[in-house]
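protein_13.cif follows; it contains mmCIF, C-alpha atoms.
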data_work
#
loop_
_atom_site.label_atom_id
_atom_site.label_comp_id
_atom_site.auth_asym_id
_atom_site.auth_seq_id
_atom_site.Cartn_x
_atom_site.Cartn_y
_atom_site.Cartn_z
CA PHE V 1 135.84 -39.81 69.53
CA CYS V 2 137.35 -37.83 66.62
CA PHE V 3 140.60 -35.91 67.02
CA GLU V 4 140.04 -33.50 64.16
CA ASP V 5 140.00 -29.91 65.43
CA MET V 6 139.71 -31.06 69.06
CA ARG V 7 139.91 -28.30 71.64
CA LEU V 8 142.12 -28.92 74.67
CA VAL V 9 141.99 -26.57 77.66
CA ILE V 10 144.79 -26.42 80.22
CA ASP V 11 143.76 -24.88 83.53
CA TYR V 12 146.78 -22.58 83.74
CA ARG V 13 145.59 -20.32 86.58
CA LEU V 14 148.09 -21.43 89.22
CA ALA V 15 150.99 -21.22 86.76
CA GLY V 16 149.94 -17.68 85.86
CA TYR V 17 151.27 -16.22 89.12
CA SER V 18 153.79 -18.71 90.54
CA MET V 19 156.97 -20.56 89.57
CA ARG V 20 157.02 -23.15 92.36
CA GLY V 21 155.81 -26.71 92.97
CA MET V 22 152.65 -27.59 91.07
CA ALA V 23 152.89 -24.35 89.07
CA LYS V 24 156.36 -25.34 87.85
CA TYR V 25 154.99 -28.73 86.82
CA CYS V 26 152.17 -27.06 84.88
CA ILE V 27 154.53 -24.60 83.17
CA SER V 28 157.06 -27.23 82.13
CA MET V 29 154.49 -29.77 80.92
CA THR V 30 152.56 -27.11 79.00
CA ASN V 31 155.70 -25.86 77.28
CA GLU V 32 156.46 -29.39 76.10
CA LEU V 33 152.91 -29.93 74.88
CA LEU V 34 153.06 -26.70 72.90
CA LYS V 35 156.39 -27.72 71.31
CA SER V 36 155.34 -31.21 70.28
CA PRO V 37 154.34 -31.69 66.63
CA ARG V 38 152.17 -34.58 67.85
CA MET V 39 149.83 -32.02 69.41
CA SER V 40 148.90 -30.56 66.03
CA ALA V 41 145.64 -32.52 66.35
CA PHE V 42 144.54 -30.08 69.06
CA ASP V 43 143.68 -26.44 69.45
CA ILE V 44 145.27 -25.68 72.83
CA ILE V 45 143.73 -22.95 74.97
CA LEU V 46 144.98 -21.81 78.37
CA TYR V 47 142.48 -20.65 80.98
CA VAL V 48 143.91 -18.06 83.38
CA ASP V 49 142.33 -15.60 85.83
CA LYS V 50 142.66 -11.93 86.69
CA LYS V 51 145.71 -12.57 88.90
CA CYS V 52 147.68 -13.93 85.94
CA LYS V 53 151.00 -12.28 85.14
CA LYS V 54 150.97 -12.09 81.37
CA GLU V 55 154.77 -12.40 81.21
CA LEU V 56 154.42 -15.94 82.61
CA LEU V 57 152.26 -17.06 79.70
CA PRO V 58 153.94 -19.03 76.87
CA ASN V 59 154.46 -17.12 73.64
CA SER V 60 151.98 -17.43 70.78
CA VAL V 61 149.27 -19.32 72.63
CA GLU V 62 145.54 -18.71 72.82
CA TYR V 63 144.18 -17.99 76.29
CA ARG V 64 140.96 -16.97 78.04
CA VAL V 65 140.74 -14.91 81.21
CA LEU V 66 138.20 -16.09 83.79
CA PRO V 67 136.84 -12.81 85.24
CA THR V 68 137.68 -13.49 88.89
CA ARG V 69 140.56 -13.62 91.33
CA ASN V 70 138.90 -16.24 93.52
CA PHE V 71 140.35 -19.69 92.78
CA VAL V 72 137.39 -21.74 94.02
CA PHE V 73 134.72 -19.61 92.33
CA GLY V 74 136.73 -19.69 89.11
CA GLU V 75 137.13 -23.47 89.24
CA GLN V 76 133.64 -24.50 90.27
CA ILE V 77 131.45 -21.90 88.52
CA LEU V 78 133.25 -20.05 85.74
CA LEU V 79 135.42 -22.90 84.46
CA PRO V 80 132.46 -25.24 83.68
CA TYR V 81 130.61 -22.35 82.03
CA PHE V 82 133.60 -21.49 79.83
CA LEU V 83 134.10 -25.17 78.92
CA TYR V 84 130.50 -25.35 77.75
CA ARG V 85 130.57 -21.97 76.02
CA ASP V 86 133.85 -22.64 74.18
CA LYS V 87 132.78 -26.18 73.14
CA ILE V 88 135.86 -27.78 74.69
CA ASP V 89 136.61 -31.47 74.17
CA ILE V 90 139.23 -32.12 76.89
CA LEU V 91 140.17 -30.33 80.11
CA TRP V 92 143.49 -30.99 81.85
CA SER V 93 143.72 -29.72 85.45
CA PRO V 94 147.37 -30.03 86.57
CA HIS V 95 147.04 -29.07 90.25
CA ASN V 96 144.99 -31.75 92.07
CA THR V 97 141.56 -30.07 91.93
CA PHE V 98 139.03 -29.71 89.13
CA PRO V 99 135.34 -28.78 88.59
CA LEU V 100 132.72 -30.87 90.34
CA ILE V 101 130.22 -29.93 87.63
CA LYS V 102 130.66 -32.43 84.82
CA ILE V 103 130.01 -31.24 81.27
CA PRO V 104 129.03 -34.48 79.45
CA SER V 105 130.85 -33.56 76.24
CA VAL V 106 134.13 -32.74 78.03
CA LYS V 107 136.69 -35.38 78.94
CA MET V 108 138.43 -34.47 82.19
CA TYR V 109 142.07 -35.24 83.01
CA ALA V 110 143.72 -34.21 86.28
CA THR V 111 147.19 -34.51 87.80
CA TRP V 112 147.10 -35.56 91.45
CA HIS V 113 150.55 -34.85 92.84
CA ASP V 114 149.88 -36.59 96.15
CA LEU V 115 147.16 -37.39 98.68
CA VAL V 116 148.69 -35.62 101.65
CA VAL V 117 145.44 -33.70 102.37
CA MET V 118 143.80 -37.06 103.08
CA ASP V 119 146.43 -38.10 105.59
CA LYS V 120 144.93 -38.30 109.10
CA ARG V 121 148.10 -36.74 110.50
CA MET V 122 147.47 -33.56 108.50
CA LYS V 123 147.50 -30.55 110.84
CA CYS V 124 145.91 -27.19 110.06
CA ASN V 125 147.36 -24.33 112.11
CA THR V 126 145.23 -21.61 110.54
CA LEU V 127 141.66 -21.24 109.31
CA LEU V 128 142.94 -20.74 105.76
CA SER V 129 144.94 -23.99 105.78
CA PHE V 130 141.88 -25.83 107.19
CA LEU V 131 139.67 -24.44 104.41
CA LYS V 132 142.22 -25.37 101.74
CA ARG V 133 142.51 -28.91 103.07
CA SER V 134 138.72 -29.24 103.26
CA TYR V 135 138.33 -28.04 99.68
CA TYR V 136 140.95 -30.45 98.33
CA ASN V 137 139.35 -33.31 100.25
CA LEU V 138 135.89 -32.44 98.96
CA ILE V 139 136.98 -32.32 95.32
CA MET V 140 139.09 -35.47 95.38
CA ARG V 141 136.72 -37.62 97.45
CA TYR V 142 133.49 -36.72 95.68
CA GLY V 143 134.61 -35.68 92.23
CA TRP V 144 137.01 -38.44 91.22
CA LYS V 145 134.32 -40.38 89.32
CA ASN V 146 134.06 -37.44 86.91
CA LEU V 147 137.66 -37.94 85.78
CA ASP V 148 138.52 -39.87 82.63
CA MET V 149 142.24 -39.99 83.40
CA VAL V 150 144.56 -39.28 86.32
CA CYS V 151 148.24 -38.42 86.15
CA THR V 152 150.61 -38.45 89.10
CA VAL V 153 154.31 -37.82 89.68
CA SER V 154 155.64 -41.02 91.31
CA GLU V 155 155.05 -44.74 91.75
CA PHE V 156 154.41 -44.02 95.43
CA SER V 157 151.57 -41.61 94.65
CA LYS V 158 150.16 -44.01 92.06
CA LYS V 159 149.95 -46.78 94.66
CA GLU V 160 148.28 -44.43 97.14
CA ILE V 161 145.69 -43.38 94.57
CA LEU V 162 145.02 -47.02 93.61
CA ASN V 163 144.54 -47.93 97.27
CA LYS V 164 141.96 -45.20 97.88
CA PHE V 165 140.16 -45.05 94.55
CA HIS V 166 139.29 -47.32 91.64
CA PHE V 167 140.93 -45.63 88.69
CA LYS V 168 141.75 -47.93 85.80
CA ASN V 169 144.02 -45.40 84.11
CA ILE V 170 146.79 -43.73 86.10
CA LEU V 171 149.74 -42.21 84.25
CA ILE V 172 153.07 -41.40 85.86
CA THR V 173 154.41 -38.05 84.64
CA PRO V 174 157.36 -37.32 86.98
CA ASN V 175 158.75 -33.94 87.88
CA CYS V 176 162.02 -33.20 86.11
CA ILE V 177 165.00 -30.91 86.67
CA ASP V 178 166.39 -30.26 83.20
CA ASP V 179 165.95 -26.48 83.67
CA PHE V 180 167.78 -26.67 87.00
CA ILE V 181 170.65 -28.59 85.41
CA LYS V 182 170.99 -25.87 82.77
CA SER V 183 171.08 -23.26 85.56
CA ILE V 184 173.85 -25.20 87.31
CA ASP V 185 175.92 -25.24 84.13
CA ILE V 186 175.57 -21.46 83.83
CA GLU V 187 176.08 -20.71 87.52
CA LEU V 188 179.14 -22.93 88.03
CA LYS V 189 180.87 -22.16 84.73
CA ASN V 190 183.44 -19.81 86.29
CA LYS V 191 183.08 -20.77 89.95
CA ASN V 192 184.62 -23.41 92.15
CA TYR V 193 182.81 -23.68 95.48
CA CYS V 194 184.43 -25.45 98.43
CA ARG V 195 182.47 -27.50 100.93
CA GLU V 196 181.97 -25.72 104.26
CA ASP V 197 180.98 -26.84 107.74
CA PHE V 198 177.21 -26.34 107.61
CA PHE V 199 174.21 -28.47 106.70
CA PHE V 200 171.46 -27.30 104.37
CA THR V 201 167.76 -28.03 103.90
CA VAL V 202 164.91 -26.70 101.77
CA SER V 203 161.59 -26.94 103.58
CA GLY V 204 158.18 -25.49 104.25
CA GLU V 205 156.60 -25.66 107.68
CA PHE V 206 153.87 -28.21 106.93
CA TRP V 207 153.81 -31.04 109.48
CA TYR V 208 155.05 -33.63 106.99
CA LYS V 209 158.20 -31.63 106.24
CA ASN V 210 159.30 -32.66 109.76
CA LEU V 211 161.29 -29.47 110.27
CA ASP V 212 160.66 -29.49 114.02
CA PHE V 213 162.61 -32.79 114.07
CA LEU V 214 165.66 -31.01 112.64
CA PHE V 215 165.27 -27.96 114.88
CA ASP V 216 165.10 -30.14 118.01
CA TRP V 217 168.18 -32.10 116.97
CA PHE V 218 170.29 -29.05 116.13
CA ARG V 219 169.10 -27.30 119.31
CA SER V 220 170.58 -30.22 121.25
CA ASN V 221 173.75 -30.41 119.14
CA ARG V 222 175.08 -26.84 119.01
CA LYS V 223 178.41 -27.76 117.40
CA PHE V 224 176.54 -28.38 114.12
CA THR V 225 175.15 -25.56 111.94
CA LEU V 226 172.02 -25.67 109.78
CA LYS V 227 170.86 -23.27 107.06
CA VAL V 228 167.17 -23.43 106.09
CA ALA V 229 165.63 -22.16 102.85
CA GLY V 230 161.94 -21.98 101.98
CA LEU V 231 160.35 -20.58 105.16
CA LYS V 232 158.07 -17.56 104.87
CA PRO V 233 158.73 -14.45 107.00
CA ASN V 234 155.76 -15.21 109.30
CA SER V 235 156.89 -18.78 110.02
CA LEU V 236 156.65 -19.93 113.63
CA PHE V 237 160.13 -21.41 113.28
CA TYR V 238 161.57 -17.92 113.72
CA ASN V 239 160.45 -18.09 117.36
CA ASN V 240 163.19 -19.37 119.66
CA CYS V 241 165.44 -20.21 116.72
CA PRO V 242 168.83 -21.30 118.15
CA GLU V 243 172.00 -19.51 117.09
CA ASN V 244 173.31 -22.52 115.16
CA ILE V 245 170.29 -22.45 112.81
CA GLN V 246 170.09 -19.72 110.15
CA ILE V 247 166.78 -19.19 108.36
CA LEU V 248 167.56 -17.77 104.93
CA PRO V 249 165.41 -15.02 103.34
CA TYR V 250 162.25 -16.25 101.63
CA ASN V 251 162.37 -16.53 97.82
CA ILE V 252 166.13 -16.19 97.56
CA PRO V 253 167.26 -16.37 93.92
CA LEU V 254 168.06 -19.70 92.31
CA GLU V 255 171.77 -18.90 92.01
CA LYS V 256 171.96 -18.55 95.82
CA ILE V 257 170.15 -21.87 96.31
CA ILE V 258 172.69 -23.50 93.98
CA GLU V 259 175.50 -21.90 95.98
CA TYR V 260 174.18 -23.37 99.25
CA TYR V 261 173.81 -26.80 97.64
CA CYS V 262 177.42 -26.59 96.43
CA ARG V 263 178.89 -25.29 99.69
CA CYS V 264 177.08 -27.37 102.30
CA ARG V 265 178.59 -30.31 104.12
CA ALA V 266 175.45 -32.32 103.33
CA PHE V 267 171.85 -31.80 102.31
CA LEU V 268 169.13 -32.94 104.75
CA PHE V 269 165.63 -34.03 103.68
CA VAL V 270 163.77 -35.70 106.55
CA SER V 271 160.13 -35.46 105.44
CA LYS V 272 157.49 -37.87 106.71
CA TYR V 273 155.59 -37.64 103.44
CA GLU V 274 156.46 -36.56 99.89
CA GLY V 275 154.68 -37.10 96.62
CA PHE V 276 158.01 -36.52 94.90
CA GLY V 277 160.84 -34.43 96.41
CA ILE V 278 162.51 -32.20 93.81
CA PRO V 279 165.18 -30.79 96.22
CA ILE V 280 166.69 -34.29 96.46
CA LEU V 281 167.43 -34.30 92.74
CA GLU V 282 168.72 -30.73 92.86
CA ALA V 283 171.11 -31.64 95.67
CA MET V 284 172.36 -34.69 93.79
CA ALA V 285 172.94 -32.57 90.68
CA CYS V 286 175.09 -30.26 92.85
CA ASN V 287 177.14 -33.25 94.06
CA CYS V 288 175.86 -33.09 97.65
CA ARG V 289 176.04 -35.81 100.21
CA LEU V 290 172.48 -36.55 101.35
CA ILE V 291 170.69 -37.67 104.49
CA VAL V 292 167.09 -38.49 103.60
CA SER V 293 163.99 -40.21 104.98
CA ASN V 294 163.25 -43.83 104.12
CA VAL V 295 159.52 -43.23 103.53
CA ALA V 296 157.03 -42.29 100.79
CA SER V 297 158.50 -41.43 97.37
CA ILE V 298 161.92 -40.45 98.70
CA PRO V 299 163.73 -43.79 98.08
CA GLU V 300 162.23 -43.82 94.58
CA VAL V 301 163.74 -40.40 93.84
CA CYS V 302 167.03 -40.77 95.73
CA GLY V 303 167.97 -44.35 94.87
CA ASP V 304 171.28 -45.44 96.40
CA ASN V 305 172.61 -41.91 96.57
CA GLY V 306 172.23 -41.00 100.24
CA LEU V 307 172.09 -42.19 103.83
CA TYR V 308 168.58 -43.16 104.90
CA ILE V 309 167.03 -42.43 108.29
CA ASP V 310 163.75 -43.14 110.03
CA PRO V 311 162.07 -39.69 110.25
CA TYR V 312 160.45 -40.74 113.55
CA ASP V 313 163.68 -41.95 115.18
CA VAL V 314 166.23 -39.34 116.23
CA ASN V 315 168.86 -42.02 116.88
CA THR V 316 169.00 -43.04 113.22
CA PHE V 317 169.50 -39.39 112.30
CA SER V 318 172.34 -39.01 114.81
CA GLU V 319 174.03 -42.10 113.39
CA ALA V 320 173.73 -40.73 109.85
CA MET V 321 175.18 -37.37 110.90
CA ASN V 322 178.20 -39.16 112.35
CA LYS V 323 178.68 -41.22 109.17
CA ILE V 324 177.95 -38.64 106.49
CA ASP V 325 181.55 -37.49 105.94
CA ASP V 326 182.49 -41.06 105.05
CA PHE V 327 179.71 -41.47 102.50
CA GLU V 328 181.25 -41.95 99.08
CA ILE V 329 179.38 -40.52 96.12
CA ASP V 330 179.17 -42.86 93.15
CA LYS V 331 179.05 -40.48 90.18
CA ASN V 332 177.79 -43.11 87.75
CA LYS V 333 174.90 -44.08 90.04
CA ARG V 334 174.01 -40.42 90.48
CA LEU V 335 174.04 -39.67 86.79
CA HIS V 336 171.88 -42.72 86.14
CA GLN V 337 169.37 -41.66 88.82
CA ILE V 338 169.24 -38.03 87.68
CA GLU V 339 168.79 -39.15 84.07
CA LYS V 340 165.43 -40.70 85.00
CA PHE V 341 164.13 -37.24 85.91
CA SER V 342 166.05 -34.98 83.56
CA ASN V 343 163.68 -34.47 80.65
CA TRP V 344 160.18 -32.99 80.76
CA GLU V 345 159.63 -34.24 77.21
CA LYS V 346 159.35 -37.82 78.50
CA SER V 347 156.64 -36.85 80.97
CA ALA V 348 154.80 -34.79 78.37
CA ASN V 349 154.90 -37.64 75.85
CA THR V 350 153.20 -39.93 78.37
CA LEU V 351 150.34 -37.46 78.60
CA ILE V 352 150.29 -36.95 74.82
CA ASP V 353 149.96 -40.71 74.30
CA ALA V 354 146.86 -40.66 76.47
CA LEU V 355 145.45 -37.60 74.76
CA LEU V 356 145.87 -39.28 71.39
CA GLY V 357 144.04 -42.33 72.67
CA ASP V 358 146.93 -44.82 72.75
CA LYS V 359 146.01 -48.00 74.56
CA LEU V 360 147.46 -48.03 78.09
CA GLU V 361 149.03 -51.08 79.56
#

Could you write out this file's structure as C-alpha cells?
Amino acid sequence: FCFEDMRLVIDYRLAGYSMRGMAKYCISMTNELLKSPRMSAFDIILYVDKKCKKELLPNSVEYRVLPTRNFVFGEQILLPYFLYRDKIDILWSPHNTFPLIKIPSVKMYATWHDLVVMDKRMKCNTLLSFLKRSYYNLIMRYGWKNLDMVCTVSEFSKKEILNKFHFKNILITPNCIDDFIKSIDIELKNKNYCREDFFFTVSGEFWYKNLDFLFDWFRSNRKFTLKVAGLKPNSLFYNNCPENIQILPYNIPLEKIIEYYCRCRAFLFVSKYEGFGIPILEAMACNCRLIVSNVASIPEVCGDNGLYIDPYDVNTFSEAMNKIDDFEIDKNKRLHQIEKFSNWEKSANTLIDALLGDKLE
C-alpha cells in the first residue's frame, strides 16, 4: 500500500451548501487536512454536486462536480463511477453515509456521528423524514463491511458503534469550537452583557431533542420565560405556543446567538440522545449556567459544569430550575473542559495518522 502520489477524495457535497452540523464538521476537518504538511503524500480532491456554492469551497483545491442535485443518486451511482474513473485510492465520507458499491482498489473511510436513526424511539412525522431514516439505516446496516475505517465524534458514539457492529478500527475525532471562541472574542470585545431573566435553548424538533418536555414545563410555569433558537418556520411548535415562550427567527446570525448565550439566566439542553452536543460547549464558552440531560454523550461534553437532570423526569428538571441561580461556575474546570474540544487540528491529526497508516492502539 504505497503512499506515493495517492489520491484522496473527500465527499464534500453536504459542506458545499451548508454551514451547520455535519457540514461544519466536514468543512473544519477538511481545512485542517489541507493545511497540514503531513498531507503532502496525497493529492486531495473534493467531490461536490450541482447545488454546491463555490464560495464555500476552500481556496486552491482541486474539485470535481458530480452532475446531479440528487444526494442519493450522486452517492450511490455517480460517486462510485467517479472514484473508478479518477483512479482514487481513498474515499472519506464525513456525513454517515457512503456508496454501497465497493470499488476494490478504493479504501473507504466514513465518519458516523451517531446511530440515532437506528434508535427504536425514532419518530418520522413526514414522508421525507421516513425516507431519510430508511436510507441511513440501509447504508449503515448493509454497507458497513465495505468500510476500512470509521471515525466518530465521542466516546459514547464509539461504544454504540462497537455494540452494534464489529469494527476493529474506530477513531474519535471530536467536534471543536475554536472558530466559535474566536467569534466570541470579536463579538464581546466592546460589549458587556448583563444576565437577564430568561432561559435559552438551541434545538431542532426531532423527538430526541425533547423540546416538548420544555414546552410542557414552561406552559405550566408561566412565571419563567424561554427563548428557543433553531426551529424552522414550519415547525409544529409554533402551534399553541404559550406567551412565555419566544421562538426566535430561523438562521439568526451567530452574533445574536452569542448575545442570547451571554444574556440568558441559564442555558437548557434536555435531549434524550446526542452524538455530541456542540451548543453545550458554546454555552460554557459564554459563561452560562447550564441545565443538561444526564444521558448519551452529554456528560462527556459537559463534565462537571452544569446541573444534570433526567430527561424523562419532570421533577428533576423542576429541582434544577430552583437550584440554578445557586450554581457556582468553576472557571478553571470550564477552561479545562473547553480545552478538550477547542482545536480542530487535534481531530484532523487523528485522521491523518490513520491515513498515513500509523498503527492504532

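With atom CA of Ser154 of chain V on one side and atom CA of Cys286 of chain V on the other, the separation reads 22.3 Å.
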
**Asked** For the file shown, what are the residues hit by the PyMOL selection byres ((chain V and resi 83) around 10), laid out as a ChimeraX atom specification?
**Response** /V:7-9,47,78-82,84-91,102-103,105-106

Please, which residues are within 8 Å of (162.1, -19.1, 100.6) by the file's coordinates, counting all atoms listed in the file, and could they come as a compact mmCIF listing (two decimals) with C-alpha atoms, keeping the file's coordinate frame?
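Full text of part_12.txt as output:
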# COMPACT_ATOMS: atom_id res chain seq x y z
CA ALA V 229 165.63 -22.16 102.85
CA GLY V 230 161.94 -21.98 101.98
CA LEU V 231 160.35 -20.58 105.16
CA LYS V 232 158.07 -17.56 104.87
CA LEU V 248 167.56 -17.77 104.93
CA PRO V 249 165.41 -15.02 103.34
CA TYR V 250 162.25 -16.25 101.63
CA ASN V 251 162.37 -16.53 97.82
CA ILE V 252 166.13 -16.19 97.56

**Prompt:** From the list V:Cys194, V:Ala354, V:Leu226, V:Cys176, which residue is nearest Glu243 of chain V when using all atoms listed in the file?
**Reply:**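 Closest to Glu243 of chain V, using all atoms listed in the file: V:Leu226.
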
**Prompt:** If the PyMOL selection byres ((chain V and resi 280) around 12) is run on the structure shown, which residues does it catch, given as a ChimeraX atom specification?
**Reply:** /V:175-177,200-203,261,266-271,274,276-279,281-293,297-303,305-306,334,337-338,341

**Item:** Non-local contacts of Pro174 of chain V (9 Å; only C-alpha atoms; under 5 positions in same chain excluded) as a ChimeraX atom specification
**Value:** /V:25,152-154,276,340-341,344,346-347

Keeping C-alpha atoms, export the residues of the selection given above as a short mmCIF file (atom, residue, chain, number, x, y, z; two decimals), in the frame of the given file.
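selection06.cif, freshly written:
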data_model
loop_
_atom_site.label_atom_id
_atom_site.label_comp_id
_atom_site.auth_asym_id
_atom_site.auth_seq_id
_atom_site.Cartn_x
_atom_site.Cartn_y
_atom_site.Cartn_z
CA TYR V 25 154.99 -28.73 86.82
CA THR V 152 150.61 -38.45 89.10
CA VAL V 153 154.31 -37.82 89.68
CA SER V 154 155.64 -41.02 91.31
CA PHE V 276 158.01 -36.52 94.90
CA LYS V 340 165.43 -40.70 85.00
CA PHE V 341 164.13 -37.24 85.91
CA TRP V 344 160.18 -32.99 80.76
CA LYS V 346 159.35 -37.82 78.50
CA SER V 347 156.64 -36.85 80.97
#

Given 4 Å on each side, where is the centre and what are the edge lengths in Å to one decimal of the axis-aligned box enclosing the listed atoms of segment 77-80 of chain V, as lines of an AutoDock Vina configuration file?
center_x = 133.4
center_y = -22.6
center_z = 86.1
size_x = 12.0
size_y = 13.2
size_z = 12.8

**Prompt:** Near Ile139 of chain V, counting all atoms listed in the file, which residues have an atom at most 9 Å away, once you skip same-chain residues fewer than 6 positions from it, shown as a list of chain:residue names?
**Reply:** V:Asn96, V:Thr97, V:Phe98, V:Pro99, V:Leu100
